[in-house]
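Next comes model_9.cif, a file with mmCIF, C-alpha atoms.
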```
data_start
loop_
_atom_site.label_atom_id
_atom_site.label_comp_id
_atom_site.auth_asym_id
_atom_site.auth_seq_id
_atom_site.Cartn_x
_atom_site.Cartn_y
_atom_site.Cartn_z
CA MET A 273 0.23 7.85 10.21
CA LYS A 274 1.27 9.20 6.92
CA LYS A 275 4.51 8.09 5.39
CA ARG A 276 6.75 10.43 7.04
CA ALA A 277 4.02 8.90 6.68
CA PHE A 278 3.66 11.00 4.16
CA SER A 279 5.98 11.57 0.99
CA LEU A 280 8.05 10.24 -1.87
CA ILE A 281 11.26 10.73 0.08
CA ALA A 282 12.90 7.81 1.79
CA ILE A 283 11.01 7.48 5.02
CA LEU A 284 9.49 4.09 4.48
CA VAL A 285 11.40 1.71 6.71
CA ILE A 286 9.24 -1.39 6.45
CA ALA A 287 11.30 -4.53 6.11
CA THR A 288 8.66 -6.23 4.02
CA LEU A 289 8.87 -7.70 0.56
CA VAL A 290 7.36 -5.44 -2.11
CA LEU A 291 4.58 -7.79 -2.96
CA ALA A 292 3.98 -9.24 0.49
CA GLY A 293 0.31 -8.82 1.24
CA CYS A 294 -0.92 -7.69 4.63
CA GLY A 295 -4.38 -8.84 3.63
CA SER A 296 -6.20 -10.43 0.77
CA SER A 297 -9.64 -10.52 -0.65
CA LYS A 298 -12.49 -12.50 0.78
CA SER A 299 -12.11 -15.85 -0.91
CA GLY A 300 -14.23 -18.88 -1.45
CA ASP A 301 -12.88 -22.03 -3.02
CA ALA A 302 -10.12 -22.01 -5.62
CA GLU A 303 -12.55 -22.40 -8.50
CA ALA A 304 -14.53 -19.34 -7.40
CA ASP A 305 -11.35 -17.27 -7.19
CA LYS A 306 -10.51 -18.16 -10.77
CA ASP A 307 -13.57 -16.21 -11.90
CA LEU A 308 -12.42 -13.03 -10.15
CA ALA A 309 -10.21 -10.37 -11.74
CA GLU A 310 -7.18 -9.62 -9.56
CA ILE A 311 -6.48 -6.08 -8.41
CA ASN A 312 -3.34 -5.03 -6.53
CA PHE A 313 -3.83 -2.28 -3.95
CA VAL A 314 -0.65 -0.97 -2.31
CA LEU A 315 -0.63 0.86 1.02
CA ASP A 316 1.46 3.91 1.80
CA TRP A 317 2.59 2.65 5.19
CA THR A 318 1.75 -0.03 7.73
CA PRO A 319 -2.00 -0.79 7.95
CA ASN A 320 -4.04 1.80 9.84
CA THR A 321 -7.48 3.36 9.77
CA ASN A 322 -6.72 5.33 6.61
CA HIS A 323 -7.05 1.92 4.94
CA ILE A 324 -9.93 0.47 6.96
CA GLY A 325 -12.59 0.84 4.27
CA VAL A 326 -10.60 -1.41 1.94
CA TYR A 327 -10.38 -4.13 4.60
CA VAL A 328 -14.10 -3.80 5.29
CA ALA A 329 -15.03 -3.99 1.61
CA ASP A 330 -12.86 -7.10 1.42
CA LYS A 331 -14.35 -8.72 4.54
CA LEU A 332 -17.97 -8.01 3.60
CA GLY A 333 -17.52 -9.38 0.09
CA TYR A 334 -18.08 -6.10 -1.75
CA TYR A 335 -15.09 -6.74 -4.01
CA GLU A 336 -16.19 -10.28 -4.70
CA GLU A 337 -19.64 -9.00 -5.64
CA ALA A 338 -17.90 -6.66 -8.10
CA GLY A 339 -16.04 -9.61 -9.63
CA LEU A 340 -12.71 -8.65 -8.03
CA LYS A 341 -10.04 -10.29 -5.89
CA VAL A 342 -8.09 -7.49 -4.20
CA ASN A 343 -4.56 -8.13 -2.99
CA ILE A 344 -3.62 -5.61 -0.29
CA GLN A 345 0.14 -5.04 -0.33
CA GLN A 346 2.82 -3.29 1.68
CA PRO A 347 4.66 -0.50 -0.19
CA PRO A 348 8.16 -0.80 -1.64
CA ASP A 349 10.95 1.45 -0.40
CA ASP A 350 10.24 4.02 -3.12
CA GLY A 351 6.58 4.27 -2.16
CA ALA A 352 3.15 3.30 -3.41
CA GLU A 353 3.42 5.90 -6.16
CA ALA A 354 6.27 4.07 -7.89
CA LEU A 355 4.49 0.71 -7.78
CA VAL A 356 1.26 2.16 -9.17
CA ALA A 357 3.12 4.15 -11.83
CA SER A 358 4.90 0.97 -12.96
CA GLY A 359 1.58 -0.81 -13.42
CA LYS A 360 2.46 -3.52 -10.88
CA ALA A 361 -0.42 -2.21 -8.75
CA GLN A 362 -3.58 -0.72 -10.19
CA PHE A 363 -4.38 1.32 -7.08
CA GLY A 364 -2.57 2.66 -4.04
CA VAL A 365 -2.61 5.24 -1.24
CA SER A 366 -0.88 8.61 -1.48
CA PHE A 367 -1.36 12.25 -0.41
CA GLN A 368 -1.93 15.48 -2.31
CA ASP A 369 1.20 17.09 -0.89
CA THR A 370 3.28 14.05 -1.82
CA LEU A 371 1.82 14.08 -5.33
CA SER A 372 2.85 17.69 -5.90
CA SER A 373 6.29 16.54 -7.06
CA VAL A 374 4.63 14.25 -9.61
CA MET A 375 2.37 16.97 -11.00
CA GLU A 376 4.82 19.85 -11.40
CA GLY A 377 5.85 20.88 -14.90
CA ASP A 378 4.15 20.57 -18.27
CA GLU A 379 3.72 16.79 -17.98
CA LYS A 380 3.28 14.51 -14.99
CA SER A 381 6.47 12.67 -14.09
CA MET A 382 4.46 9.59 -13.13
CA PRO A 383 1.35 8.21 -14.89
CA ILE A 384 -0.91 8.29 -11.81
CA THR A 385 -4.14 10.09 -10.95
CA SER A 386 -6.04 10.54 -7.68
CA VAL A 387 -9.44 8.89 -8.04
CA ALA A 388 -10.92 9.15 -4.52
CA ALA A 389 -10.39 11.14 -1.32
CA ILE A 390 -10.17 8.75 1.62
CA ILE A 391 -10.74 11.49 4.22
CA GLN A 392 -12.52 14.64 3.13
CA HIS A 393 -10.45 17.19 5.08
CA ASN A 394 -6.81 17.34 6.14
CA THR A 395 -6.49 16.00 9.69
CA SER A 396 -2.74 16.58 10.06
CA GLY A 397 -0.97 19.03 12.30
CA ILE A 398 1.66 19.41 15.01
CA MET A 399 1.66 17.33 18.18
CA SER A 400 3.76 18.05 21.28
CA ALA A 401 3.95 17.11 24.94
CA LYS A 402 1.44 19.13 26.92
CA GLU A 403 4.10 20.16 29.44
CA ASN A 404 5.89 22.18 26.73
CA ASN A 405 2.88 24.50 26.24
CA ILE A 406 3.18 24.51 22.44
CA THR A 407 -0.42 25.44 21.76
CA SER A 408 0.09 27.32 18.49
CA PRO A 409 2.62 27.51 15.63
CA LYS A 410 4.31 30.60 17.11
CA ALA A 411 5.00 28.63 20.28
CA MET A 412 7.23 26.28 18.27
CA GLU A 413 9.95 28.95 18.52
CA GLY A 414 12.85 27.73 20.62
CA HIS A 415 11.86 24.07 20.24
CA THR A 416 12.90 21.16 18.04
CA TYR A 417 10.97 19.68 15.13
CA ALA A 418 11.47 16.27 13.45
CA THR A 419 11.86 17.02 9.75
CA TRP A 420 12.13 14.70 6.77
CA GLU A 421 13.87 17.57 4.93
CA TRP A 422 11.36 18.14 2.17
CA PRO A 423 10.79 21.69 0.80
CA ILE A 424 6.98 21.35 0.79
CA GLU A 425 6.96 20.10 4.38
CA GLN A 426 9.23 22.85 5.66
CA GLY A 427 7.36 25.43 3.59
CA ILE A 428 4.12 24.45 5.33
CA ILE A 429 5.72 24.71 8.78
CA LYS A 430 7.21 28.08 7.91
CA LYS A 431 3.88 29.38 6.58
CA VAL A 432 1.79 28.39 9.61
CA MET A 433 4.40 29.82 11.98
CA GLU A 434 4.50 33.13 10.10
CA ASP A 435 0.70 33.29 9.84
CA ASP A 436 0.65 32.93 13.63
CA GLY A 437 3.26 35.68 14.08
CA GLY A 438 6.15 33.31 14.64
CA ASP A 439 9.73 33.18 13.35
CA PHE A 440 10.61 29.95 11.50
CA SER A 441 14.35 30.60 11.95
CA LYS A 442 13.89 30.11 15.70
CA LEU A 443 12.75 26.50 15.20
CA THR A 444 15.49 23.86 15.36
CA LEU A 445 15.05 21.28 12.58
CA ILE A 446 16.18 17.76 13.49
CA PRO A 447 16.40 15.37 10.49
CA GLN A 448 14.70 12.30 11.85
CA SER A 449 12.15 9.69 10.83
CA VAL A 450 9.82 8.99 13.75
CA ASP A 451 8.01 5.66 13.81
CA ASP A 452 6.34 6.04 17.22
CA GLU A 453 5.37 9.65 17.76
CA VAL A 454 4.16 9.25 21.33
CA ALA A 455 7.34 7.45 22.38
CA ALA A 456 9.48 10.18 20.78
CA LEU A 457 7.69 12.86 22.79
CA LYS A 458 7.88 10.84 26.00
CA THR A 459 11.65 10.45 25.73
CA GLY A 460 12.12 14.10 24.84
CA GLU A 461 14.14 13.28 21.73
CA ILE A 462 11.97 15.76 19.84
CA ASP A 463 9.58 18.54 20.91
CA THR A 464 7.20 18.76 17.95
CA ILE A 465 6.14 16.22 15.32
CA TRP A 466 3.92 16.35 12.23
CA VAL A 467 1.15 13.78 12.79
CA TYR A 468 -2.26 12.73 11.62
CA TYR A 469 -4.43 13.10 14.68
CA GLY A 470 -6.68 10.20 13.74
CA TRP A 471 -3.83 7.80 14.43
CA ALA A 472 -0.98 9.37 16.43
CA GLY A 473 -3.18 11.81 18.34
CA VAL A 474 -5.67 9.09 19.19
CA ALA A 475 -2.76 6.83 20.20
CA ALA A 476 -1.75 9.45 22.77
CA GLU A 477 -5.33 9.51 24.07
CA VAL A 478 -5.41 5.72 24.34
CA GLU A 479 -2.12 5.75 26.26
CA GLY A 480 -3.35 8.55 28.49
CA TYR A 481 -0.40 10.72 27.49
CA PRO A 482 -1.26 14.47 27.64
CA ILE A 483 -0.50 16.38 24.44
CA ASN A 484 -1.13 19.65 22.66
CA TYR A 485 -2.12 19.63 19.01
CA PHE A 486 -3.06 22.15 16.35
CA ALA A 487 -4.25 21.43 12.82
CA PHE A 488 -2.66 23.09 9.79
CA ARG A 489 -5.99 23.81 8.11
CA ASP A 490 -7.14 25.79 11.16
CA ILE A 491 -4.19 28.16 10.66
CA THR A 492 -3.97 28.41 6.87
CA PRO A 493 -7.03 27.50 4.73
CA ALA A 494 -4.87 26.47 1.74
CA PHE A 495 -3.61 23.57 3.84
CA ASP A 496 -7.00 21.89 3.90
CA TYR A 497 -5.79 19.71 1.04
CA TYR A 498 -6.66 16.08 0.36
CA SER A 499 -4.75 13.65 2.50
CA PRO A 500 -4.83 10.70 2.03
CA VAL A 501 -6.14 9.76 -1.42
CA ILE A 502 -6.46 6.66 -3.58
CA ILE A 503 -4.32 6.83 -6.71
CA ALA A 504 -4.58 4.74 -9.86
CA ASN A 505 -2.41 3.92 -12.84
CA ASP A 506 -3.36 6.09 -15.84
CA SER A 507 -2.98 3.36 -18.45
CA TYR A 508 -5.17 1.05 -16.39
CA LEU A 509 -7.86 3.72 -16.03
CA GLU A 510 -7.88 4.21 -19.77
CA SER A 511 -7.86 0.53 -20.69
CA ASP A 512 -10.32 -0.79 -18.10
CA PRO A 513 -12.54 2.05 -16.83
CA ASP A 514 -15.45 -0.22 -15.92
CA GLN A 515 -13.29 -2.39 -13.66
CA ALA A 516 -11.80 0.74 -12.08
CA LYS A 517 -15.30 2.05 -11.37
CA ALA A 518 -16.31 -1.30 -9.90
CA PHE A 519 -13.34 -1.20 -7.52
CA ILE A 520 -14.02 2.37 -6.43
CA GLU A 521 -17.74 1.69 -5.93
CA ALA A 522 -17.01 -1.33 -3.74
CA THR A 523 -14.40 0.67 -1.81
CA ALA A 524 -16.89 3.51 -1.32
CA ARG A 525 -19.32 1.01 0.19
CA GLY A 526 -16.56 -0.07 2.57
CA TYR A 527 -15.89 3.46 3.84
CA GLU A 528 -19.61 4.21 4.04
CA TYR A 529 -19.96 1.15 6.26
CA VAL A 530 -17.11 2.38 8.49
CA ALA A 531 -18.79 5.78 8.82
CA GLU A 532 -21.94 4.10 10.13
CA ASN A 533 -20.37 1.19 12.02
CA PRO A 534 -16.86 2.15 13.25
CA ASP A 535 -16.67 -0.45 16.02
CA GLU A 536 -17.66 -3.35 13.80
CA ALA A 537 -15.28 -2.08 11.10
CA ALA A 538 -12.44 -1.95 13.63
CA GLU A 539 -13.05 -5.57 14.54
CA MET A 540 -12.88 -6.56 10.88
CA MET A 541 -9.59 -4.74 10.39
CA CYS A 542 -8.04 -6.31 13.48
CA GLU A 543 -9.14 -9.72 12.27
CA ALA A 544 -7.38 -9.06 8.94
CA VAL A 545 -4.29 -7.51 10.61
CA PRO A 546 -4.06 -9.14 14.06
CA GLU A 547 -0.82 -7.39 15.01
CA LEU A 548 -2.70 -4.09 15.36
CA ASP A 549 -3.75 -2.76 18.78
CA PRO A 550 -7.54 -3.31 18.93
CA GLU A 551 -8.07 -0.45 21.38
CA LEU A 552 -6.25 2.00 19.11
CA VAL A 553 -8.00 0.81 15.94
CA LYS A 554 -11.42 1.09 17.60
CA ALA A 555 -10.73 4.56 19.02
CA SER A 556 -9.27 5.75 15.71
CA ALA A 557 -12.21 4.41 13.69
CA GLU A 558 -14.62 6.17 16.04
CA TYR A 559 -12.68 9.43 15.68
CA LEU A 560 -12.60 9.25 11.89
CA ALA A 561 -16.13 7.91 11.37
CA ASP A 562 -17.65 11.31 10.60
CA LYS A 563 -14.55 12.50 8.72
CA TYR A 564 -14.46 10.00 5.86
CA ILE A 565 -17.39 11.80 4.20
CA ASP A 566 -17.86 14.86 6.42
CA ASP A 567 -19.58 17.71 4.52
CA ALA A 568 -19.08 16.24 1.03
CA SER A 569 -21.90 15.03 -1.18
CA GLN A 570 -20.46 11.49 -1.08
CA TRP A 571 -17.39 9.57 -0.05
CA GLY A 572 -14.34 10.12 -2.22
CA VAL A 573 -15.33 13.29 -4.05
CA PHE A 574 -12.78 16.04 -4.76
CA ASP A 575 -13.57 19.75 -4.69
CA ALA A 576 -11.53 21.33 -7.50
CA GLU A 577 -11.31 24.70 -5.78
CA ARG A 578 -9.80 23.19 -2.64
CA TRP A 579 -7.47 20.92 -4.61
CA ASN A 580 -6.23 23.85 -6.67
CA ALA A 581 -5.82 26.15 -3.66
CA PHE A 582 -2.98 24.05 -2.26
CA TYR A 583 -1.11 23.78 -5.55
CA LYS A 584 -1.63 27.48 -6.16
CA TRP A 585 0.08 28.13 -2.82
CA ILE A 586 3.02 25.94 -3.88
CA ASN A 587 3.28 27.82 -7.19
CA GLU A 588 3.12 31.25 -5.56
CA ASN A 589 5.91 30.31 -3.17
CA LYS A 590 8.01 28.76 -5.96
CA LEU A 591 8.68 25.64 -3.93
CA TYR A 592 9.59 23.83 -7.14
CA ASN A 593 11.90 26.59 -8.35
CA GLU A 594 10.49 27.98 -11.62
CA SER A 595 8.33 24.95 -12.41
CA GLU A 596 4.63 25.21 -11.65
CA ILE A 597 1.82 22.73 -11.05
CA PRO A 598 -1.01 23.22 -13.56
CA MET A 599 -4.45 23.76 -12.08
CA ASP A 600 -7.08 21.01 -12.27
CA THR A 601 -4.41 18.36 -12.69
CA GLY A 602 -3.85 15.06 -10.93
CA PHE A 603 -7.39 14.21 -9.80
CA THR A 604 -10.73 13.08 -11.18
CA ASN A 605 -14.23 12.32 -9.88
CA ASP A 606 -15.10 10.27 -12.98
CA TYR A 607 -14.68 6.87 -11.31
CA LEU A 608 -16.83 7.53 -8.26
CA PRO A 609 -20.30 5.95 -8.12
CA ALA A 610 -23.09 8.11 -9.50
CA LYS A 611 -25.24 9.65 -6.76
#
```
Since I need it in another form, could you write the structure as structure tokens?
Amino acid sequence: MKKRAFSLIAILVIATLVLAGCGSSKSGDAEADKDLAEINFVLDWTPNTNHIGVYVADKLGYYEEAGLKVNIQQPPDDGAEALVASGKAQFGVSFQDTLSSVMEGDEKSMPITSVAAIIQHNTSGIMSAKENNITSPKAMEGHTYATWEWPIEQGIIKKVMEDDGGDFSKLTLIPQSVDDEVAALKTGEIDTIWVYYGWAGVAAEVEGYPINYFAFRDITPAFDYYSPVIIANDSYLESDPDQAKAFIEATARGYEYVAENPDEAAEMMCEAVPELDPELVKASAEYLADKYIDDASQWGVFDAERWNAFYKWINENKLYNESEIPMDTGFTNDYLPAK
């Protein structure tokens, strides 16, 4: 579900033009559209329920009410981060772990900031075929794992295995980008895969394929980081803060609607992206409905202590050699609607 889903490395394999939209804003006649300010919003991967609130806000006219026409775009090969950093898109989807490489050092290497948490808690973990009895990180010993060969990724796997009493050296790493996690497990080409349960795990449920799954945050609290998030271009935030706030407020309304009406929201997303499997989208939206906001005071808000805990772990383990990620960097709650 994430660009592995889920990083700046080359795992995006979408043969789509950079600016090809997979959706567009609710539109009236051409004259009405002329009065709307255009916003480009770039996805991290193919459309899924991480993005559903944007499609709902579009369908229900929340963006139009805010004076905006939002163009929803597929990501380029170098990721949503690059397009947002270049200013060709004002907003996009990323992940706190992915953004760690942008935030390390004295200055950010890309002018982007996280402005809203799409899902309040990390829902990623390891999925495997039930027949392999991999019910905990330690049980990954002697099995294969599909890796995208990123130090942060492998550091997380190593940490959860060690915290569970396992030996990371006994896990066989197979460099491989997996597009269909359930199919990969069915064929036996890989034993364990990093997934987001709200999409890949639910897909297994929909297919009736028995799996085991454990979440990273249940093993190591520092891994309850923010994933996914909405990022924005720094220059844009500085030059047009009111428009940025209007976009985030309309988007918040979209995710709040999904939280209360997952089935209706799923229908709206499938109407906008008809190639999606309606059964999967509906089941995924129902699974994530209470996770978009969860225990937070409102949709989108970041908890600084939890944000910093993950980057502190990266610093302590020197995963970026001698360079460190400063605390309280890379995110802001300033553009969220006042509650």
Pull out every residue that the PyMOL selection byres ((chain A and resi 563-565) around 10) matches in the shown coordinates and put them as a VMD selection string. chain A and resid 322 325 389 to 395 470 524 527 to 528 530 to 531 557 to 562 566 to 573
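Relative to CA of Trp471 in chain A, CA of Ala494 in chain A is found at 22.6 Å.
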Rank A:Phe495, A:Tyr469, A:Phe582, A:Tyr335 by their smallest atom-to-atom distance to Ser556 in chain A, using all atoms listed in the file, and report the top residue only.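 Answer, going by the shortest atom-to-atom distance: A:Tyr469.
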Expand the PyMOL selection byres ((chain A and resi 363) around 6) into the explicit residue set it covers here, and present it as a PyMOL selection string. chain A and resi 313+361-362+364+503-504
So which residues touch Tyr607 in chain A within 12 Å, counting only C-alpha atoms, skipping near sequence neighbours fewer than 4 positions away, as a ChimeraX atom specification? /A:385-389,502-504,509-510,512-524,571-574,603,611
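Those DNA, RNA and protein residues that approach the point (8.0, 29.0, 17.9) to within 10 Å, considering all atoms listed in the file, are Ile406, Thr407, Ser408, Pro409, Lys410, Ala411, Met412, Glu413, Gly414, His415, Thr416, Met433, Glu434, Asp436, Gly437, Gly438, Asp439, Phe440, Ser441, Lys442, Leu443 and Thr444 of chain A.
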